[in-house]
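What follows is my_file19.cif (mmCIF, C-alpha atoms).
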```
data_entry
#
loop_
_atom_site.group_PDB
_atom_site.id
_atom_site.type_symbol
_atom_site.label_atom_id
_atom_site.label_comp_id
_atom_site.auth_asym_id
_atom_site.auth_seq_id
_atom_site.Cartn_x
_atom_site.Cartn_y
_atom_site.Cartn_z
ATOM 1 C CA MET A 447 24.128 5.890 -9.739
ATOM 2 C CA THR A 448 24.380 8.210 -6.805
ATOM 3 C CA LEU A 449 21.605 8.913 -4.353
ATOM 4 C CA HIS A 450 21.353 12.447 -5.730
ATOM 5 C CA ALA A 451 20.939 11.131 -9.276
ATOM 6 C CA ASP A 452 18.383 8.519 -8.159
ATOM 7 C CA VAL A 453 16.236 11.070 -6.326
ATOM 8 C CA ALA A 454 16.468 13.546 -9.217
ATOM 9 C CA GLU A 455 15.510 10.835 -11.729
ATOM 10 C CA LEU A 456 12.508 9.677 -9.695
ATOM 11 C CA LEU A 457 11.216 13.212 -9.260
ATOM 12 C CA ALA A 458 11.698 14.017 -12.948
ATOM 13 C CA GLU A 459 9.961 10.810 -14.038
ATOM 14 C CA ALA A 460 7.000 11.661 -11.817
ATOM 15 C CA GLY A 461 6.949 15.248 -13.084
ATOM 16 C CA ILE A 462 7.533 16.651 -9.611
ATOM 17 C CA LEU A 463 9.485 19.859 -10.033
ATOM 18 C CA ASP A 464 9.003 21.655 -6.708
ATOM 19 C CA VAL A 465 11.324 19.480 -4.584
ATOM 20 C CA ASP A 466 14.859 20.612 -3.809
ATOM 21 C CA VAL A 467 16.892 17.486 -4.592
ATOM 22 C CA ASP A 468 19.837 18.617 -2.454
ATOM 23 C CA GLU A 469 17.534 19.095 0.542
ATOM 24 C CA ALA A 470 15.850 15.727 -0.069
ATOM 25 C CA VAL A 471 19.206 13.965 -0.205
ATOM 26 C CA ALA A 472 20.394 15.672 2.975
ATOM 27 C CA ASP A 473 17.187 15.055 4.978
ATOM 28 C CA GLU A 474 16.381 11.343 4.722
ATOM 29 C CA GLN A 475 13.723 11.220 7.395
ATOM 30 C CA HIS A 476 11.512 14.015 6.174
ATOM 31 C CA ALA A 477 12.199 15.596 2.808
ATOM 32 C CA ARG A 478 13.384 12.451 1.012
ATOM 33 C CA LEU A 479 10.643 10.211 2.362
ATOM 34 C CA SER A 480 8.094 12.881 1.488
ATOM 35 C CA ALA A 481 9.527 13.050 -2.041
ATOM 36 C CA TYR A 482 9.357 9.258 -2.392
ATOM 37 C CA LEU A 483 5.753 9.200 -1.194
ATOM 38 C CA ARG A 484 4.836 11.862 -3.742
ATOM 39 C CA VAL A 485 6.592 9.869 -6.486
ATOM 40 C CA VAL A 486 4.735 6.721 -5.413
ATOM 41 C CA SER A 487 1.408 8.544 -5.519
ATOM 42 C CA VAL A 488 2.040 9.810 -9.044
ATOM 43 C CA ILE A 489 3.356 6.455 -10.269
ATOM 44 C CA ALA A 490 0.453 4.526 -8.721
ATOM 45 C CA SER A 491 -2.061 6.771 -10.456
ATOM 46 C CA SER A 492 -0.567 5.895 -13.850
ATOM 47 C CA ARG A 493 -2.359 3.269 -15.908
ATOM 48 C CA SER A 494 0.909 1.662 -16.926
ATOM 49 C CA ARG A 495 2.679 -0.637 -14.506
ATOM 50 C CA ASP A 496 5.677 -1.046 -16.835
ATOM 51 C CA ARG A 497 8.086 1.105 -14.798
ATOM 52 C CA ASP A 498 7.079 0.019 -11.305
ATOM 53 C CA ARG A 499 9.859 -2.528 -10.865
ATOM 54 C CA ALA A 500 12.549 -0.043 -11.958
ATOM 55 C CA ILE A 501 11.107 2.644 -9.685
ATOM 56 C CA VAL A 502 11.030 0.235 -6.733
ATOM 57 C CA ALA A 503 14.627 -0.794 -7.489
ATOM 58 C CA THR A 504 15.691 2.851 -7.476
ATOM 59 C CA ILE A 505 13.889 3.606 -4.217
ATOM 60 C CA LEU A 506 15.331 0.506 -2.569
ATOM 61 C CA ARG A 507 18.882 1.584 -3.427
ATOM 62 C CA ASP A 508 18.466 4.344 -0.861
ATOM 63 C CA PRO A 509 20.733 3.711 2.154
ATOM 64 C CA ASP A 510 17.835 4.615 4.478
ATOM 65 C CA GLU A 511 16.092 1.246 4.292
ATOM 66 C CA MET A 512 13.336 2.283 6.697
ATOM 67 C CA GLY A 513 12.311 5.164 4.450
ATOM 68 C CA SER A 514 12.570 3.153 1.256
ATOM 69 C CA LYS A 515 10.550 0.310 2.798
ATOM 70 C CA THR A 516 7.868 2.809 3.806
ATOM 71 C CA ALA A 517 7.674 4.156 0.249
ATOM 72 C CA VAL A 518 7.438 0.676 -1.281
ATOM 73 C CA VAL A 519 4.693 -0.326 1.168
ATOM 74 C CA ALA A 520 2.788 2.820 0.167
ATOM 75 C CA LEU A 521 3.066 1.742 -3.480
ATOM 76 C CA VAL A 522 1.895 -1.785 -2.638
ATOM 77 C CA ASP A 523 -1.096 -0.334 -0.774
ATOM 78 C CA GLU A 524 -2.048 2.012 -3.600
ATOM 79 C CA ILE A 525 -1.751 -0.637 -6.300
ATOM 80 C CA ALA A 526 -3.816 -3.093 -4.241
ATOM 81 C CA TRP A 527 -6.683 -0.590 -4.339
ATOM 82 C CA LYS A 528 -6.424 -0.215 -8.125
ATOM 83 C CA VAL A 529 -6.109 -3.788 -9.408
ATOM 84 C CA THR A 530 -9.050 -5.749 -10.720
ATOM 85 C CA GLY A 531 -8.426 -8.812 -8.591
ATOM 86 C CA PRO A 532 -5.973 -11.117 -6.862
ATOM 87 C CA ALA A 533 -4.507 -12.565 -10.069
ATOM 88 C CA GLU A 534 -3.505 -9.129 -11.369
ATOM 89 C CA PHE A 535 -2.029 -8.157 -7.995
ATOM 90 C CA ARG A 536 -0.155 -11.479 -7.748
ATOM 91 C CA ARG A 537 1.436 -10.898 -11.181
ATOM 92 C CA TRP A 538 2.328 -7.301 -10.337
ATOM 93 C CA SER A 539 3.818 -8.103 -6.929
ATOM 94 C CA ALA A 540 5.788 -11.079 -8.297
ATOM 95 C CA GLU A 541 7.643 -8.598 -10.521
ATOM 96 C CA LEU A 542 8.743 -6.661 -7.424
ATOM 97 C CA LEU A 543 9.954 -9.579 -5.314
ATOM 98 C CA PRO A 544 13.473 -9.721 -6.838
ATOM 99 C CA GLU A 545 13.903 -6.029 -5.995
ATOM 100 C CA ILE A 546 12.485 -6.448 -2.501
ATOM 101 C CA ASP A 547 14.956 -9.280 -1.928
ATOM 102 C CA GLN A 548 17.774 -6.727 -2.362
ATOM 103 C CA LEU A 549 16.923 -5.099 0.970
ATOM 104 C CA LYS A 550 19.644 -5.892 3.498
ATOM 105 C CA THR A 551 17.327 -5.942 6.501
ATOM 106 C CA GLU A 552 15.369 -9.185 6.605
ATOM 107 C CA GLN A 553 12.696 -7.619 8.810
ATOM 108 C CA PHE A 554 11.945 -5.042 6.092
ATOM 109 C CA ARG A 555 11.851 -7.690 3.335
ATOM 110 C CA GLU A 556 9.480 -9.770 5.415
ATOM 111 C CA PHE A 557 7.278 -6.762 6.231
ATOM 112 C CA ILE A 558 6.744 -6.020 2.524
ATOM 113 C CA ARG A 559 6.122 -9.693 1.732
ATOM 114 C CA ARG A 560 3.556 -9.878 4.538
ATOM 115 C CA ARG A 561 1.810 -6.753 3.243
ATOM 116 C CA ILE A 562 1.600 -8.312 -0.207
ATOM 117 C CA HIS A 563 0.216 -11.510 1.337
ATOM 118 C CA ASP A 564 -2.354 -9.490 3.296
ATOM 119 C CA TRP A 565 -3.549 -7.699 0.163
ATOM 120 C CA LEU A 566 -3.786 -10.978 -1.758
ATOM 121 C CA PHE A 567 -5.934 -12.318 1.075
ATOM 122 C CA TYR A 568 -8.154 -9.223 1.004
ATOM 123 C CA LEU A 569 -8.479 -9.274 -2.780
ATOM 124 C CA SER A 570 -9.470 -12.955 -2.736
ATOM 125 C CA ILE A 571 -12.210 -12.081 -0.231
ATOM 126 C CA LYS A 572 -13.316 -9.175 -2.390
ATOM 127 C CA ASP A 573 -13.417 -11.685 -5.260
ATOM 128 C CA GLY A 574 -15.887 -13.849 -3.311
ATOM 129 C CA HIS A 575 -13.706 -16.173 -1.235
ATOM 130 C CA VAL A 576 -14.903 -16.712 2.334
ATOM 131 C CA PRO A 577 -11.814 -17.525 4.392
ATOM 132 C CA THR A 578 -11.469 -20.082 7.127
ATOM 133 C CA SER A 579 -10.260 -19.251 10.628
ATOM 134 C CA ALA A 580 -6.925 -20.915 9.737
ATOM 135 C CA GLU A 581 -6.543 -18.596 6.738
ATOM 136 C CA LEU A 582 -7.443 -15.581 8.870
ATOM 137 C CA ALA A 583 -4.762 -16.608 11.363
ATOM 138 C CA GLU A 584 -2.150 -16.362 8.585
ATOM 139 C CA VAL A 585 -2.674 -12.630 7.996
ATOM 140 C CA THR A 586 -1.381 -9.803 10.136
ATOM 141 C CA ASP A 587 -3.291 -8.072 12.874
ATOM 142 C CA TRP A 588 -3.316 -5.041 10.555
ATOM 143 C CA MET A 589 -5.266 -6.959 7.891
ATOM 144 C CA GLN A 590 -7.615 -8.472 10.451
ATOM 145 C CA ARG A 591 -8.395 -4.968 11.708
ATOM 146 C CA PHE A 592 -8.740 -3.717 8.120
ATOM 147 C CA LEU A 593 -11.326 -6.444 7.455
ATOM 148 C CA ALA A 594 -13.177 -5.612 10.660
ATOM 149 C CA GLU A 595 -13.360 -1.966 9.658
ATOM 150 C CA HIS A 596 -14.029 -2.303 5.919
ATOM 151 C CA SER A 597 -15.553 -5.652 5.000
ATOM 152 C CA THR A 598 -19.178 -5.615 3.912
ATOM 153 C CA SER A 599 -19.522 -9.395 4.045
ATOM 154 C CA LEU A 600 -21.423 -10.618 7.101
ATOM 155 C CA ALA A 601 -19.673 -13.992 6.813
ATOM 156 C CA VAL A 602 -16.246 -12.312 6.906
ATOM 157 C CA LEU A 603 -17.254 -10.017 9.753
ATOM 158 C CA ALA A 604 -18.583 -12.999 11.724
ATOM 159 C CA LEU A 605 -15.308 -14.855 11.165
ATOM 160 C CA VAL A 606 -13.246 -11.848 12.273
ATOM 161 C CA ALA A 607 -15.556 -11.340 15.271
ATOM 162 C CA GLU A 608 -14.929 -14.935 16.304
ATOM 163 C CA SER A 609 -11.303 -15.501 15.347
ATOM 164 C CA ALA A 610 -9.304 -12.236 15.154
ATOM 165 C CA ASN A 611 -6.175 -12.035 17.271
ATOM 166 C CA THR A 612 -7.133 -8.968 19.279
ATOM 167 C CA ARG A 613 -10.196 -8.218 21.355
ATOM 168 C CA LYS A 614 -10.466 -4.747 19.841
ATOM 169 C CA THR A 615 -10.613 -6.164 16.297
ATOM 170 C CA ARG A 616 -13.146 -8.809 17.329
ATOM 171 C CA ASN A 617 -15.314 -6.100 18.902
ATOM 172 C CA ILE A 618 -15.151 -3.863 15.829
ATOM 173 C CA ALA A 619 -16.266 -6.782 13.654
ATOM 174 C CA LYS A 620 -19.052 -7.712 16.095
ATOM 175 C CA ASN A 621 -20.360 -4.162 16.174
ATOM 176 C CA ARG A 622 -20.227 -3.769 12.400
ATOM 177 C CA ALA A 623 -21.961 -7.120 11.871
ATOM 178 C CA GLY A 624 -24.585 -6.382 14.513
ATOM 179 C CA ILE A 625 -23.503 -9.400 16.514
ATOM 180 C CA ARG A 626 -24.099 -8.779 20.175
ATOM 181 C CA LYS A 627 -24.178 -11.454 22.823
ATOM 182 C CA LEU A 628 -26.395 -10.799 25.791
ATOM 183 C CA ARG A 629 -24.468 -10.560 29.001
ATOM 184 C CA THR A 630 -25.665 -12.895 31.685
ATOM 185 C CA GLN A 631 -25.117 -11.402 35.085
#
```
Represent the structure from my file as structure tokens, please.
Amino acid sequence: MTLHADVAELLAEAGILDVDVDEAVADEQHARLSAYLRVVSVIASSRSRDRDRAIVATILRDPDEMGSKTAVVALVDEIAWKVTGPAEFRRWSAELLPEIDQLKTEQFREFIRRRIHDWLFYLSIKDGHVPTSAELAEVTDWMQRFLAEHSTSLAVLALVAESANTRKTRNIAKNRAGIRKLRTQ
């Protein structure tokens, strides 16, 4: 298929009729990425996950790998918020991995894999798992910061306050957990 046909198909499948396909094809950095993000939003809000792999495959055929990676990460993020737990997310993301492996740029493949790993980590915590400092060290700074800003578990916040990679993230977790060390001067 051609890029024009791919973009037109994605928009039609999502029921998005107000995007000029010719403009989207011509303007990869703005119009096309915006169209993909709108498609992802519509697709993620669907109850059915049956077409996700095909949609990801179509998006990843785009020659602008940066834009297509961004759209796929947005889908991963949205689905992570909707699943019932880590097992469901693991099954869903496993379906996408063969498509993700088609990306030519290893850095982009790895970025998506790391995002999936981060969400699996978060979902396991949400499911009751209290991670170790070694497990926390295996997630990205983005996920550590996400936990510092959003976790409601004092045990997780204490771990992040003690073991996060950046001082800023450790401080956010300390403040949210109410952990304050007295300064001795």
(request) Report the residues retrieved by the PyMOL selection byres ((chain A and resi 449) around 9) from the displayed file, expressed as a ChimeraX atom specification. (result) /A:447-448,450-454,471,507-509
Using the selection just defined, write its residues with C-alpha atoms as a PDB file, in the frame of the given file.
```pdb
ATOM      1  CA  MET A 447      24.128   5.890  -9.739  1.00  0.00           C
ATOM      2  CA  THR A 448      24.380   8.210  -6.805  1.00  0.00           C
ATOM      3  CA  HIS A 450      21.353  12.447  -5.730  1.00  0.00           C
ATOM      4  CA  ALA A 451      20.939  11.131  -9.276  1.00  0.00           C
ATOM      5  CA  ASP A 452      18.383   8.519  -8.159  1.00  0.00           C
ATOM      6  CA  VAL A 453      16.236  11.070  -6.326  1.00  0.00           C
ATOM      7  CA  ALA A 454      16.468  13.546  -9.217  1.00  0.00           C
ATOM      8  CA  VAL A 471      19.206  13.965  -0.205  1.00  0.00           C
ATOM      9  CA  ARG A 507      18.882   1.584  -3.427  1.00  0.00           C
ATOM     10  CA  ASP A 508      18.466   4.344  -0.861  1.00  0.00           C
ATOM     11  CA  PRO A 509      20.733   3.711   2.154  1.00  0.00           C
TER      12      PRO A 509
END
```
(request) Could you jot down the CA of Glu455 (chain A) to CA of Ile546 (chain A) separation for me, Å, one decimal place? (result) 19.8 Å
(message) One decimal, in Å: what's the spacing between CA of Phe592 (chain A) and CA of Leu479 (chain A)?
(response)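 CA of Leu479 (chain A) lies 24.6 Å from CA of Phe592 (chain A).
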(message) Quick one: residues within 10 Å of Arg536 (chain A), all atoms listed in the file, excluding same-chain residues fewer than 2 positions away - as a ChimeraX atom specification?
(response) /A:526,529,531-534,538-541,562-563,565-566,569
(request) Please evaluate the PyMOL selection byres ((chain A and resi 583) around 12) against the structure above and give the resulting residues as number ranges by chain. (result) A: 564, 567, 577-582, 584-590, 605-606, 608-612
(message) Quick check, in Å to one decimal: how far apart do CA of Val522 (chain A) and CA of Ala607 (chain A) lie?
(response) 26.8 Å
(request) Taking the file above as input, evaluate the PyMOL selection byres ((chain A and resi 470) around 10) and report the hits as a list in words. (result)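 Matching residues under the PyMOL selection byres ((chain A and resi 470) around 10) are Leu449, His450, Val453, Ala454, Val465, Asp466, Val467, Asp468, Glu469, Val471, Ala472, Asp473, Glu474, Gln475, His476, Ala477, Arg478, Leu479, Ser480, Ala481 and Tyr482 of chain A.
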(message) From the options A:Ser494, A:Asn617, A:Ser487, A:Ser597, which residue's atoms come nearest to Val518 (chain A), counting all atoms listed in the file?
(response)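 Counting all atoms listed in the file, the residue closest to Val518 (chain A) is A:Ser487.
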(request) Skip Ser491 (chain A) itself and residues of its chain fewer than 6 positions away, then list as a count of residues only all residues within 9 Å of it, counting all atoms listed in the file. (result) 3
(request) Using all atoms listed in the file, find the one residue out of A:Arg499, A:Phe535, A:Phe554, A:Gly574 that sits nearest to Gly513 (chain A). (result)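 Smallest separation from Gly513 (chain A) among the options: A:Phe554.
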